[in-house]
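Below is my_file_33.cif, which holds mmCIF, C-alpha atoms.
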```
data_coords
#
loop_
_atom_site.label_atom_id
_atom_site.label_comp_id
_atom_site.auth_asym_id
_atom_site.auth_seq_id
_atom_site.Cartn_x
_atom_site.Cartn_y
_atom_site.Cartn_z
CA MET A 124 235.00 116.30 17.20
CA ASP A 125 233.08 119.07 18.86
CA LEU A 126 232.76 118.68 22.61
CA ILE A 127 230.69 120.69 25.05
CA ILE A 128 232.72 120.72 28.24
CA LYS A 129 230.68 120.78 31.44
CA LYS A 130 233.27 120.14 34.12
CA VAL A 131 237.05 120.21 34.27
CA LYS A 132 238.88 119.09 37.40
CA ILE A 133 242.51 118.37 38.12
CA ALA A 134 242.40 115.32 40.40
CA LYS A 135 244.70 114.84 43.39
CA ASN A 136 246.90 112.51 41.33
CA GLY A 137 247.48 115.26 38.74
CA ASN A 138 245.26 113.67 36.09
CA LEU A 139 242.22 115.29 34.52
CA ASP A 140 238.61 114.46 35.29
CA VAL A 141 236.34 115.95 32.63
CA ALA A 142 232.62 115.71 31.93
CA TYR A 143 231.42 116.61 28.45
CA THR A 144 228.79 116.03 25.79
CA ASP A 145 230.16 114.68 22.52
CA CYS A 146 228.91 115.50 19.01
CA GLU A 147 226.37 112.64 19.17
CA GLY A 148 224.82 113.94 22.40
CA ASN A 149 226.43 111.34 24.66
CA GLU A 150 227.19 112.45 28.22
CA VAL A 151 230.75 111.31 28.92
CA THR A 152 232.74 111.41 32.15
CA LEU A 153 236.43 110.77 31.64
CA LYS A 154 238.84 110.06 34.47
CA GLY A 155 242.16 110.59 32.74
CA ALA A 156 245.01 108.17 33.25
CA ASN A 157 247.70 110.67 32.25
CA PRO A 158 248.99 113.77 34.05
CA VAL A 159 247.77 117.09 32.70
CA HIS A 160 250.00 119.17 30.46
CA SER A 161 251.67 122.25 31.94
CA ASP A 162 249.57 124.45 29.62
CA LEU A 163 246.41 123.29 31.39
CA LYS A 164 248.02 123.89 34.79
CA ASP A 165 248.96 127.41 33.66
CA ALA A 166 245.42 128.05 32.40
CA MET A 167 244.06 127.02 35.82
CA LYS A 168 246.58 129.30 37.57
CA ARG A 169 245.26 132.25 35.56
CA LEU A 170 241.88 131.67 37.24
CA VAL A 171 243.26 132.09 40.79
CA PRO A 172 242.82 135.90 40.91
CA PHE A 173 239.17 135.46 39.90
CA LEU A 174 238.69 132.87 42.65
CA CYS A 175 240.14 135.40 45.13
CA ASP A 176 237.97 138.20 43.82
CA LEU A 177 234.69 136.26 43.57
CA THR A 178 235.07 134.68 47.03
CA GLU A 179 236.11 138.03 48.54
CA GLN A 180 239.48 136.84 49.82
CA LYS A 181 241.72 139.47 51.43
CA GLU A 182 244.23 139.26 48.54
CA ALA A 183 241.63 140.52 46.05
CA ASP A 184 241.96 144.11 47.28
CA LYS A 185 245.74 144.13 46.77
CA PHE A 186 245.83 142.30 43.41
CA ASP A 187 247.15 144.48 40.55
CA TRP A 188 244.80 143.71 37.64
CA ASN A 189 246.85 145.97 35.35
CA ASN A 190 249.86 143.65 35.71
CA PRO A 191 248.45 140.18 36.48
CA GLU A 192 251.74 138.36 35.74
CA SER A 193 253.79 140.42 38.22
CA GLU A 194 255.92 138.78 40.89
CA GLU A 195 254.03 140.64 43.62
CA ASN A 196 250.74 139.15 42.41
CA ALA A 197 252.24 135.66 42.24
CA ASP A 198 253.42 136.06 45.84
CA LEU A 199 250.01 137.36 46.87
CA VAL A 200 248.09 134.29 45.62
CA ARG A 201 250.74 131.59 46.13
CA ARG A 202 248.68 129.79 48.79
CA MET A 203 245.65 129.44 46.52
CA ASP A 204 244.81 127.08 43.65
CA VAL A 205 241.95 126.55 41.25
CA THR A 206 241.26 122.84 40.85
CA GLY A 207 238.09 122.87 38.79
CA VAL A 208 235.65 124.71 36.56
CA THR A 209 231.99 123.75 36.20
CA ILE A 210 229.90 125.11 33.33
CA SER A 211 226.12 124.88 33.50
CA GLY A 212 223.08 126.28 31.74
CA ALA A 213 222.37 126.83 28.07
CA ASP A 214 222.48 129.61 25.47
CA SER A 215 222.66 133.04 27.13
CA PHE A 216 222.25 131.60 30.63
CA VAL A 217 225.58 129.80 30.74
CA SER A 218 227.27 130.18 34.10
CA CYS A 219 230.43 128.89 35.69
CA VAL A 220 231.62 128.02 39.16
CA LEU A 221 235.30 127.96 40.06
CA THR A 222 236.40 125.42 42.64
CA GLY A 223 239.64 125.89 44.49
CA ARG A 224 241.47 125.80 47.74
CA ARG A 225 243.42 127.99 50.07
CA THR A 226 246.21 126.62 52.25
CA LEU A 227 245.95 128.28 55.64
CA VAL A 228 249.10 129.92 56.99
CA VAL A 229 249.02 128.87 60.64
CA THR A 230 247.72 125.31 60.43
CA ASN A 231 248.63 124.42 56.82
CA LYS A 232 245.13 122.96 56.53
CA VAL A 233 243.21 123.34 53.30
CA LEU A 234 240.11 125.49 53.00
CA CYS A 235 237.92 124.52 50.03
CA LEU A 236 236.35 127.40 48.11
CA ASN A 237 233.62 127.66 45.48
CA THR A 238 232.65 130.85 43.75
CA PRO A 239 228.99 131.71 43.41
CA PRO A 240 227.70 130.92 39.90
CA ILE A 241 228.71 133.68 37.51
CA THR A 242 226.67 134.16 34.33
CA LEU A 243 229.07 134.36 31.41
CA ASP A 244 226.80 136.73 29.46
CA GLU A 245 228.01 140.32 29.76
CA GLU A 246 224.47 141.68 29.45
CA ALA A 247 223.17 139.53 32.31
CA GLU A 248 226.10 139.81 34.73
CA SER A 249 227.49 142.89 36.45
CA TYR A 250 230.92 141.44 37.36
CA GLU A 251 233.45 144.05 36.22
CA ARG A 252 236.09 141.54 35.07
CA LEU A 253 233.71 139.25 33.18
CA SER A 254 235.44 139.48 29.80
CA GLU A 255 238.81 138.53 31.36
CA LEU A 256 237.12 135.68 33.26
CA ASN A 257 235.51 134.47 30.02
CA GLU A 258 238.91 134.39 28.31
CA ALA A 259 240.51 132.50 31.19
CA VAL A 260 237.67 129.95 31.35
CA ASP A 261 237.82 129.49 27.56
CA ALA A 262 241.55 128.74 27.82
CA VAL A 263 240.87 125.99 30.39
CA ILE A 264 238.10 124.53 28.23
CA GLU A 265 240.34 124.48 25.14
CA GLU A 266 243.13 122.75 27.06
CA ALA A 267 240.64 120.17 28.38
CA LYS A 268 239.45 119.52 24.82
CA MET A 269 243.04 118.99 23.71
CA TYR A 270 243.54 116.53 26.59
CA VAL A 271 240.51 114.51 25.45
CA VAL A 272 240.77 114.77 21.66
CA ASP A 273 244.48 115.32 20.92
CA HIS A 274 245.84 113.43 23.94
CA LYS A 275 247.81 116.47 25.08
CA TYR A 276 249.30 115.11 28.28
CA SER A 277 252.39 115.77 30.31
CA ALA A 278 255.20 113.51 29.22
CA VAL A 279 255.97 110.81 31.74
CA GLN A 280 259.21 108.89 31.41
CA THR A 281 258.63 105.35 32.59
CA THR A 282 261.89 103.70 31.49
CA LEU A 283 265.46 104.69 30.86
CA ASP A 284 266.77 103.56 27.49
CA PHE A 285 270.52 102.87 27.49
CA GLU A 286 270.48 100.83 24.27
CA GLY A 287 273.20 101.91 21.89
CA THR A 288 274.76 104.37 24.31
CA GLU A 289 277.96 104.20 26.27
CA ASN A 290 277.84 102.97 29.82
CA PRO A 291 277.07 106.14 31.79
CA PHE A 292 279.08 104.77 34.72
CA GLY A 293 282.24 104.08 32.76
CA ASN A 294 284.04 100.86 33.69
CA GLU A 295 283.20 101.00 37.39
CA GLY A 296 281.02 97.91 37.54
CA GLU A 297 283.25 95.61 35.47
CA ALA A 298 285.24 92.89 37.24
CA GLY A 299 288.92 93.58 37.84
CA GLU A 300 288.70 97.20 36.70
CA SER A 301 287.62 99.00 39.86
CA GLU A 302 289.91 100.02 42.66
CA PRO A 303 289.29 98.54 46.10
CA LEU A 304 287.63 100.72 48.69
CA ALA A 305 289.86 102.06 51.45
CA GLU A 306 289.18 100.35 54.75
CA ALA A 307 288.02 102.47 57.64
CA SER A 308 290.40 102.57 60.59
#
```
Let me see the file written as C-alpha cells.
Amino acid sequence: MDLIIKKVKIAKNGNLDVAYTDCEGNEVTLKGANPVHSDLKDAMKRLVPFLCDLTEQKEADKFDWNNPESEENADLVRRMDVTGVTISGADSFVSCVLTGRRTLVVTNKVLCLNTPPITLDEEAESYERLSELNEAVDAVIEEAKMYVVDHKYSAVQTTLDFEGTENPFGNEGEAGESEPLAEAS
C-alpha cells in the first residue's frame, strides 16, 4: 500500500494523528488508538535542531551540526519538542512545516512554534541544511507509514498474566502461614 503522507502529529495522549492519501486517492485522517513507537519519537526528536534553526531560536547559534547526537546538543534543546510535520504542495513544489513547542524556563508555560514553509527541492530552496532536513522528514514519514500499514505501535501491557507461574508473593497470603504483625506500643 503506497501512502502519501500529508500530516503527522503526535497527539497529547501519545497516539498518532496522521492525514494521508491512499493508493485509491482517498483522503484519510486517522486518529490512532495506540501509542507511537519509540522509533517515531526518536525521528521527531531529530527534527528539533531544525525547528530551532528555522524559527531562529537562541540555541541554533550554539548547536554543533558536526556532532548532532552530542550530550551538549541534547542539553541545549531539551526544552523543545517537535510534535508535527505537515507536507503540502506537489511535484517539485513540495514544502514542509514543522510544528513544535518550547517550554519556557521561568514560567514553565508552553510556547507553540511553527517553522515557515520550507520547499524540499534543493534547487528552489536556499536553506543550507536542506538535505539533512529532507532525511529527517523522510524518517518521520516512513515511521508514520509503518504505524498505519504495519501497525508499528509501542507495546502497552494491559494485564499481568500469572497463569502457570509460581505465586510471586510466596505463601504470604495463605491462611495460617503468615506471621502476625507486631503491635505498636
Margin query: Using Å and a single decimal, report how far atom CA of Gly223 of chain A sits from atom CA of Thr206 of chain A.
Written below: 5.0 Å
Checklist line | Point (233.0, 137.7, 31.7) neighbourhood (7 Å, all atoms listed in the file) written as an MDAnalysis selection string | finding: chainID A and resid 243:245 252:257
Next item on the list: Output the residue selection produced by the PyMOL selection byres ((chain A and resi 139-152) around 6) on the file above, formatted as number ranges by chain.
Entry: A: 125-134, 138, 153-155
Hey, could you pull the box centre and edge lengths for segment 211-218 of chain A, axis-aligned, 6 Å padding per side, all listed atoms, to one decimal in Å, as JSON?
```
{"center_x": 224.8, "center_y": 129.0, "center_z": 29.8, "size_x": 17.0, "size_y": 20.2, "size_z": 20.6}
```
Item checked: Who sits within 10 Å of Ser161 of chain A, only C-alpha atoms, same chain under 5 positions skipped, as an NGL selection string -> :A and (166-167 or 266 or 275-278)
Next item on the list: Could you list the residues chosen by the PyMOL selection byres ((chain A and resi 220) around 9) in this structure as JSON, numbers by chain?
Entry: {"A": [207, 208, 209, 210, 211, 218, 219, 221, 222, 237, 238, 239, 240, 241]}
Give me a file of those residues, with C-alpha atoms, as a PDB file, in the coordinates of the input.
```
ATOM      1  CA  GLY A 207     238.090 122.870  38.790  1.00  0.00           C
ATOM      2  CA  VAL A 208     235.650 124.710  36.560  1.00  0.00           C
ATOM      3  CA  THR A 209     231.990 123.750  36.200  1.00  0.00           C
ATOM      4  CA  ILE A 210     229.900 125.110  33.330  1.00  0.00           C
ATOM      5  CA  SER A 211     226.120 124.880  33.500  1.00  0.00           C
ATOM      6  CA  SER A 218     227.270 130.180  34.100  1.00  0.00           C
ATOM      7  CA  CYS A 219     230.430 128.890  35.690  1.00  0.00           C
ATOM      8  CA  LEU A 221     235.300 127.960  40.060  1.00  0.00           C
ATOM      9  CA  THR A 222     236.400 125.420  42.640  1.00  0.00           C
ATOM     10  CA  ASN A 237     233.620 127.660  45.480  1.00  0.00           C
ATOM     11  CA  THR A 238     232.650 130.850  43.750  1.00  0.00           C
ATOM     12  CA  PRO A 239     228.990 131.710  43.410  1.00  0.00           C
ATOM     13  CA  PRO A 240     227.700 130.920  39.900  1.00  0.00           C
ATOM     14  CA  ILE A 241     228.710 133.680  37.510  1.00  0.00           C
TER      15      ILE A 241
END
```
Next item on the list: Could you tell me which residues the PyMOL selection byres ((chain A and resi 224) around 7) returns for this structure, as number ranges by chain?
Entry: A: 203-205, 223, 225-226, 233-236
Check: What is the atom CA of Pro172 of chain A to atom CA of Pro191 of chain A distance in Å?
Finding: 8.3 Å
Item checked: Proximity to Val263 of chain A - best of A:Asp165, A:Ser193, A:Gly137, A:Asn231, all atoms listed in the file ->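 Of A:Asp165, A:Ser193, A:Gly137, A:Asn231, the one nearest Val263 of chain A, counting all atoms listed in the file, is A:Asp165.
The space between atom CA of Asn189 of chain A and atom CA of Arg201 of chain A spans 18.4 Å.
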